>>> print(open('upload.txt').read())   # compact mmCIF, C-alpha atoms
# COMPACT_ATOMS: atom_id res chain seq x y z
CA GLY A 1 82.31 95.03 113.14
CA ASN A 2 82.29 97.63 110.40
CA SER A 3 83.73 96.82 107.00
CA VAL A 4 84.06 98.35 103.55
CA THR A 5 84.41 96.38 100.33
CA GLN A 6 85.37 98.05 97.09
CA MET A 7 86.05 96.69 93.67
CA GLU A 8 89.53 95.43 92.93
CA GLY A 9 91.64 97.37 90.54
CA PRO A 10 93.37 98.46 88.61
CA VAL A 11 90.72 100.05 86.45
CA THR A 12 91.95 101.30 83.08
CA LEU A 13 89.78 103.67 81.06
CA SER A 14 90.17 105.84 78.03
CA GLU A 15 89.79 109.58 78.45
CA GLU A 16 86.13 110.71 78.44
CA ALA A 17 84.87 107.25 79.43
CA PHE A 18 82.27 106.75 82.19
CA LEU A 19 83.62 105.67 85.55
CA THR A 20 82.00 103.55 88.24
CA ILE A 21 83.86 102.26 91.28
CA ASN A 22 81.70 100.04 93.45
CA CYS A 23 81.69 100.30 97.24
CA THR A 24 79.53 98.38 99.70
CA TYR A 25 79.65 98.53 103.46
CA THR A 26 78.64 96.68 106.60
CA ALA A 27 77.87 98.71 109.69
CA THR A 28 75.32 98.99 112.44
CA GLY A 29 73.26 102.12 112.62
CA TYR A 30 73.79 105.02 110.24
CA PRO A 31 77.41 105.63 109.33
CA SER A 32 78.80 108.58 107.41
CA LEU A 33 80.36 107.58 104.09
CA PHE A 34 83.34 109.07 102.32
CA TRP A 35 85.40 108.82 99.17
CA TYR A 36 89.04 109.81 99.42
CA VAL A 37 91.52 110.16 96.56
CA GLN A 38 95.28 109.61 96.71
CA TYR A 39 97.50 111.03 93.97
CA PRO A 40 100.99 109.56 93.53
CA GLY A 41 103.36 110.49 96.34
CA GLU A 42 100.69 112.26 98.36
CA GLY A 43 98.39 111.61 101.28
CA LEU A 44 94.69 110.96 100.94
CA GLN A 45 92.35 113.87 100.48
CA LEU A 46 88.61 114.03 100.82
CA LEU A 47 86.77 113.81 97.50
CA LEU A 48 83.17 113.76 98.74
CA LYS A 49 81.00 112.59 101.59
CA ALA A 50 77.41 111.80 102.56
CA THR A 51 76.08 111.64 106.08
CA LYS A 52 72.59 110.17 105.73
CA ALA A 53 70.56 107.88 103.52
CA ASP A 54 69.75 109.19 100.00
CA ASP A 55 72.28 112.01 100.33
CA LYS A 56 74.37 112.61 97.23
CA GLY A 57 77.92 113.81 97.64
CA SER A 58 79.55 115.54 94.69
CA ASN A 59 82.84 117.24 93.86
CA LYS A 60 84.96 117.83 90.73
CA GLY A 61 82.41 115.97 88.57
CA PHE A 62 82.39 112.91 90.83
CA GLU A 63 79.18 111.78 92.52
CA ALA A 64 78.13 109.09 94.98
CA THR A 65 74.72 108.40 96.53
CA TYR A 66 74.24 106.90 99.98
CA ARG A 67 71.98 103.88 99.42
CA LYS A 68 70.94 102.34 102.71
CA GLU A 69 68.75 99.67 101.12
CA THR A 70 71.71 98.24 99.21
CA THR A 71 74.39 99.41 101.71
CA SER A 72 76.30 100.97 98.83
CA PHE A 73 78.12 104.20 97.99
CA HIS A 74 79.31 103.77 94.40
CA LEU A 75 81.55 106.47 92.92
CA GLU A 76 80.70 107.74 89.42
CA LYS A 77 82.00 110.26 86.94
CA GLY A 78 80.57 110.89 83.53
CA SER A 79 83.78 111.71 81.67
CA VAL A 80 87.18 110.94 83.18
CA GLN A 81 90.38 112.82 82.44
CA VAL A 82 94.01 111.76 82.58
CA SER A 83 94.35 113.93 85.69
CA ASP A 84 91.84 111.66 87.49
CA SER A 85 94.41 108.86 87.55
CA ALA A 86 94.83 108.05 91.24
CA VAL A 87 93.85 105.57 93.93
CA TYR A 88 90.32 105.93 95.31
CA PHE A 89 89.33 104.81 98.81
CA CYS A 90 85.84 104.30 100.15
CA ALA A 91 85.48 104.77 103.91
CA LEU A 92 82.89 104.87 106.66
CA SER A 93 82.70 106.46 110.07
CA ARG A 94 80.06 105.95 112.71
CA GLY A 95 79.87 108.23 115.70
CA TYR A 96 83.01 107.96 117.76
CA GLN A 97 84.14 104.70 116.22
CA LYS A 98 87.28 104.52 114.17
CA VAL A 99 87.19 105.22 110.44
CA THR A 100 87.14 102.04 108.33
CA PHE A 101 88.74 102.13 104.87
CA GLY A 102 88.38 99.91 101.86
CA THR A 103 91.54 98.55 100.23
CA GLY A 104 91.56 101.17 97.48
CA THR A 105 90.97 101.04 93.72
CA LYS A 106 93.65 102.27 91.35
CA LEU A 107 92.34 104.17 88.33
CA GLN A 108 94.46 104.73 85.25
CA VAL A 109 93.10 106.96 82.50
CA ILE A 110 94.84 106.78 79.16
CA PRO A 111 94.70 109.53 76.51
CA ASN B 112 97.87 126.70 105.13
CA ALA B 113 100.26 124.04 106.39
CA GLY B 114 97.56 121.51 107.39
CA VAL B 115 99.16 118.25 108.54
CA THR B 116 102.96 118.14 108.33
CA GLN B 117 104.92 114.91 108.58
CA THR B 118 108.67 114.49 108.82
CA PRO B 119 110.78 112.89 107.53
CA LYS B 120 109.52 112.00 104.04
CA PHE B 121 111.86 109.02 103.73
CA GLN B 122 113.77 106.96 106.28
CA VAL B 123 115.89 103.83 106.18
CA LEU B 124 116.53 101.98 109.44
CA LYS B 125 118.41 98.86 110.38
CA THR B 126 116.61 96.15 112.32
CA GLY B 127 116.56 97.01 116.02
CA GLN B 128 117.00 100.76 115.62
CA SER B 129 114.44 103.15 117.05
CA MET B 130 113.10 106.38 115.64
CA THR B 131 110.28 108.90 115.91
CA LEU B 132 108.01 109.97 113.08
CA GLN B 133 106.84 113.51 113.61
CA CYS B 134 103.33 114.83 112.93
CA ALA B 135 102.03 118.34 113.51
CA GLN B 136 98.75 120.02 112.57
CA ASP B 137 97.79 123.67 112.72
CA MET B 138 94.00 123.32 112.44
CA ASN B 139 93.30 122.93 116.17
CA HIS B 140 91.90 119.45 115.54
CA GLU B 141 91.16 117.34 118.59
CA TYR B 142 91.39 113.99 116.81
CA MET B 143 94.71 112.70 115.43
CA SER B 144 95.68 109.28 114.20
CA TRP B 145 98.43 107.22 112.59
CA TYR B 146 97.89 104.76 109.75
CA ARG B 147 100.15 102.47 107.83
CA GLN B 148 99.54 101.74 104.17
CA ASP B 149 100.64 98.45 102.67
CA PRO B 150 99.92 97.13 99.16
CA GLY B 151 96.58 95.34 98.95
CA MET B 152 95.70 96.10 102.57
CA GLY B 153 94.43 99.64 102.44
CA LEU B 154 95.03 101.75 105.53
CA ARG B 155 95.31 100.22 108.96
CA LEU B 156 94.98 102.27 112.13
CA ILE B 157 97.97 102.10 114.48
CA HIS B 158 97.11 104.54 117.28
CA TYR B 159 94.80 107.49 117.72
CA SER B 160 94.13 110.35 120.10
CA VAL B 161 90.93 112.24 120.87
CA GLY B 162 92.71 115.09 122.64
CA ALA B 163 95.85 116.13 124.47
CA GLY B 164 96.81 113.53 127.06
CA ILE B 165 94.49 110.84 125.63
CA THR B 166 95.66 108.05 123.33
CA ASP B 167 94.35 104.62 122.41
CA GLN B 168 95.31 101.63 120.29
CA GLY B 169 94.07 100.91 116.81
CA GLU B 170 94.17 97.68 114.81
CA VAL B 171 97.95 97.21 114.64
CA PRO B 172 99.59 98.91 117.66
CA ASN B 173 102.35 96.39 118.44
CA GLY B 174 105.85 97.83 118.11
CA TYR B 175 104.66 101.44 118.18
CA ASN B 176 104.20 104.04 120.92
CA VAL B 177 102.49 107.41 120.85
CA SER B 178 101.97 110.36 123.15
CA ARG B 179 99.95 113.56 122.86
CA SER B 180 101.30 116.32 125.06
CA THR B 181 99.86 119.15 122.94
CA THR B 182 96.90 119.52 120.60
CA GLU B 183 99.24 120.16 117.67
CA ASP B 184 101.72 117.27 117.87
CA PHE B 185 101.29 113.50 117.73
CA PRO B 186 104.64 111.68 117.28
CA LEU B 187 104.85 107.97 116.51
CA ARG B 188 107.75 106.03 118.01
CA LEU B 189 109.14 102.80 116.66
CA LEU B 190 110.74 101.08 119.60
CA SER B 191 112.86 98.43 117.85
CA ALA B 192 112.37 98.45 114.09
CA ALA B 193 111.58 95.21 112.27
CA PRO B 194 111.40 94.50 108.51
CA SER B 195 107.62 93.97 108.95
CA GLN B 196 107.37 97.67 109.75
CA THR B 197 108.50 98.62 106.26
CA SER B 198 105.54 100.66 105.06
CA VAL B 199 104.22 104.12 104.27
CA TYR B 200 102.97 105.91 107.37
CA PHE B 201 100.30 108.58 107.33
CA CYS B 202 99.25 110.94 110.06
CA ALA B 203 95.69 112.27 109.88
CA SER B 204 93.61 114.69 111.91
CA SER B 205 90.00 115.79 112.07
CA TYR B 206 87.77 118.11 114.02
CA ASN B 207 86.20 115.12 115.73
CA GLN B 208 85.95 111.37 115.28
CA GLY B 209 82.47 111.43 113.82
CA ASP B 210 81.51 112.64 110.36
CA SER B 211 84.28 115.23 110.04
CA PRO B 212 86.65 114.23 107.23
CA LEU B 213 90.23 113.29 107.91
CA HIS B 214 93.08 115.56 106.78
CA PHE B 215 96.19 113.60 105.86
CA GLY B 216 99.86 114.43 105.76
CA ASN B 217 101.96 113.43 102.76
CA GLY B 218 103.37 110.37 104.43
CA THR B 219 106.70 108.90 105.54
CA ARG B 220 108.12 106.04 103.54
CA LEU B 221 110.02 103.79 105.95
CA THR B 222 112.29 100.93 104.96
CA VAL B 223 113.71 98.59 107.58
CA THR B 224 116.61 96.41 106.45
>>> encode(input="upload.txt", output="structure tokens")
Amino acid sequence: GNSVTQMEGPVTLSEEAFLTINCTYTATGYPSLFWYVQYPGEGLQLLLKATKADDKGSNKGFEATYRKETTSFHLEKGSVQVSDSAVYFCALSRGYQKVTFGTGTKLQVIP
Amino acid sequence: NAGVTQTPKFQVLKTGQSMTLQCAQDMNHEYMSWYRQDPGMGLRLIHYSVGAGITDQGEVPNGYNVSRSTTEDFPLRLLSAAPSQTSVYFCASSYNQGDSPLHFGNGTRLTVT
């Protein structure tokens, strides 16, 4: 079956540091890949997505590239802010199959 | 834009009680789903629906019922609450079940004592 593995947290960074959150997946065929973000007390919201190999999704300074050869979709940001503190979820969807989520990575950015 | 609305935000139940978690969306989405979120386990799919009158089970359906009589509403019923159902519940919808992103409500925090 499909699965998503993302790095364990929590991740603690100083403001303006570089962020990488690793995500790898297992799926047959060509899934669509997503990053969602969850702020405290809220539901998840879409951060970015990519639907085919070598696509780069980007939003709010975050980027992730769909790498089929390494089955990865790592999330990066060049300079994090305190307001980026949240839980980040990697997810995949393939056709009419159910969405599969990773377990989430908590990010804490300190001033 | 209301998006996905869940009620209530918080609920405390005693073991054996029943209740319904409400979910409504105003985006005319065909696909709706319920997840539970537990520490260290990410989100697990309880039930989903691909359109009015059509529902199916997810990973963890036991103890829960759903129905979909309209496109807008997708209530989740707990038949006889158990402490293992203490969790945060999220309703989500999307245009379809493929590469359209999910839109989430703000969740219901349920405690069963």
>>> atom_distance(input="upload.txt", atom1="atom CA of B:Gln168", atom2="atom CA of A:Gln38")
24.9 Å
>>> residues_around(input="upload.txt", residues="stretch 17-33 of chain A", least_positions_apart="6", cutoff="7 Å", atoms="all atoms listed in the file", output="PyMOL selection string")
(chain A and resi 1-7+49-52+71-80+90-94) or (chain B and resi 210)
>>> closest_atom_pairs(input="upload.txt", of="chain A", to="chain B", cutoff="10 Å", atoms="all atoms listed in the file", output="tab-separated table")
residue	atom	partner	partner_atom	distance
A:Glu8	CA	B:Gly151	CA	9.3
A:Gly9	CA	B:Gly151	CA	10.0
A:Pro31	CA	B:Asp210	CA	8.2
A:Ser32	CA	B:Asp210	CA	5.7
A:Leu33	CA	B:Asp210	CA	8.1
A:Phe34	CA	B:Pro212	CA	7.9
A:Trp35	CA	B:Pro212	CA	9.8
A:Tyr36	CA	B:Leu213	CA	9.3
A:Gln38	CA	B:Asn217	CA	9.8
A:Gly41	CA	B:Asn217	CA	7.2
A:Glu42	CA	B:Asn217	CA	4.7
A:Gly43	CA	B:Asn217	CA	4.3
A:Leu44	CA	B:Phe215	CA	5.8
A:Gln45	CA	B:His214	CA	6.6
A:Leu46	CA	B:Pro212	CA	6.7
A:Leu47	CA	B:Pro212	CA	9.7
A:Leu48	CA	B:Pro212	CA	9.2
A:Lys49	CA	B:Pro212	CA	8.1
A:Ala50	CA	B:Asp210	CA	8.9
A:Thr51	CA	B:Asp210	CA	7.0
A:Phe89	CA	B:Gly153	CA	8.1
A:Leu92	CA	B:Asp210	CA	8.7
A:Ser93	CA	B:Gly209	CA	6.2
A:Arg94	CA	B:Gly209	CA	6.1
A:Gly95	CA	B:Gly209	CA	4.5
A:Tyr96	CA	B:Gln208	CA	5.1
A:Gln97	CA	B:Gln208	CA	7.0
A:Lys98	CA	B:Gln208	CA	7.1
A:Val99	CA	B:Gln208	CA	7.9
A:Thr100	CA	B:Leu154	CA	8.4
A:Phe101	CA	B:Leu154	CA	6.3
A:Gly102	CA	B:Gly153	CA	6.1
A:Thr103	CA	B:Gly153	CA	3.8
A:Gly104	CA	B:Gly153	CA	5.9
A:Thr105	CA	B:Gly153	CA	9.5
>>> residues_near_point(input="upload.txt", point="(113.2, 99.0, 108.7)", cutoff="10 Å", atoms="only C-alpha atoms", output="list of chain:residue names")
B:Gln122, B:Val123, B:Leu124, B:Lys125, B:Thr126, B:Gly127, B:Gln128, B:Ser129, B:Leu189, B:Ser191, B:Ala192, B:Ala193, B:Pro194, B:Ser195, B:Gln196, B:Thr197, B:Ser198, B:Leu221, B:Thr222, B:Val223, B:Thr224
>>> atom_distance(input="upload.txt", atom1="atom CA of A:Lys56", atom2="atom CA of A:Val87")
21.0 Å
>>> residues_around(input="upload.txt", residues="B:Thr181", least_positions_apart="6", cutoff="12 Å", atoms="all atoms listed in the file", output="PDB file with C-alpha atoms, keeping the file's coordinate frame")
ATOM      1  CA  CYS B 134     103.330 114.830 112.930  1.00  0.00           C
ATOM      2  CA  ALA B 135     102.030 118.340 113.510  1.00  0.00           C
ATOM      3  CA  GLN B 136      98.750 120.020 112.570  1.00  0.00           C
ATOM      4  CA  ASP B 137      97.790 123.670 112.720  1.00  0.00           C
ATOM      5  CA  ASN B 139      93.300 122.930 116.170  1.00  0.00           C
ATOM      6  CA  HIS B 140      91.900 119.450 115.540  1.00  0.00           C
ATOM      7  CA  GLU B 141      91.160 117.340 118.590  1.00  0.00           C
ATOM      8  CA  TYR B 142      91.390 113.990 116.810  1.00  0.00           C
ATOM      9  CA  MET B 143      94.710 112.700 115.430  1.00  0.00           C
ATOM     10  CA  SER B 160      94.130 110.350 120.100  1.00  0.00           C
ATOM     11  CA  VAL B 161      90.930 112.240 120.870  1.00  0.00           C
ATOM     12  CA  GLY B 162      92.710 115.090 122.640  1.00  0.00           C
ATOM     13  CA  ALA B 163      95.850 116.130 124.470  1.00  0.00           C
ATOM     14  CA  GLY B 164      96.810 113.530 127.060  1.00  0.00           C
ATOM     15  CA  ILE B 165      94.490 110.840 125.630  1.00  0.00           C
ATOM     16  CA  THR B 166      95.660 108.050 123.330  1.00  0.00           C
TER      17      THR B 166
END
>>> atom_distance(input="upload.txt", atom1="atom CA of A:Ala86", atom2="atom CA of B:Ser204")
21.7 Å
>>> residues_near_point(input="upload.txt", point="(109.7, 113.2, 115.0)", cutoff="10 Å", atoms="all atoms listed in the file", output="PyMOL selection string")
chain B and resi 117-119+130-135+184-188
>>> residues_around(input="upload.txt", residues="A:Gln108", least_positions_apart="5", cutoff="10 Å", atoms="all atoms listed in the file", output="ChimeraX atom specification")
/A:9-15,80-87
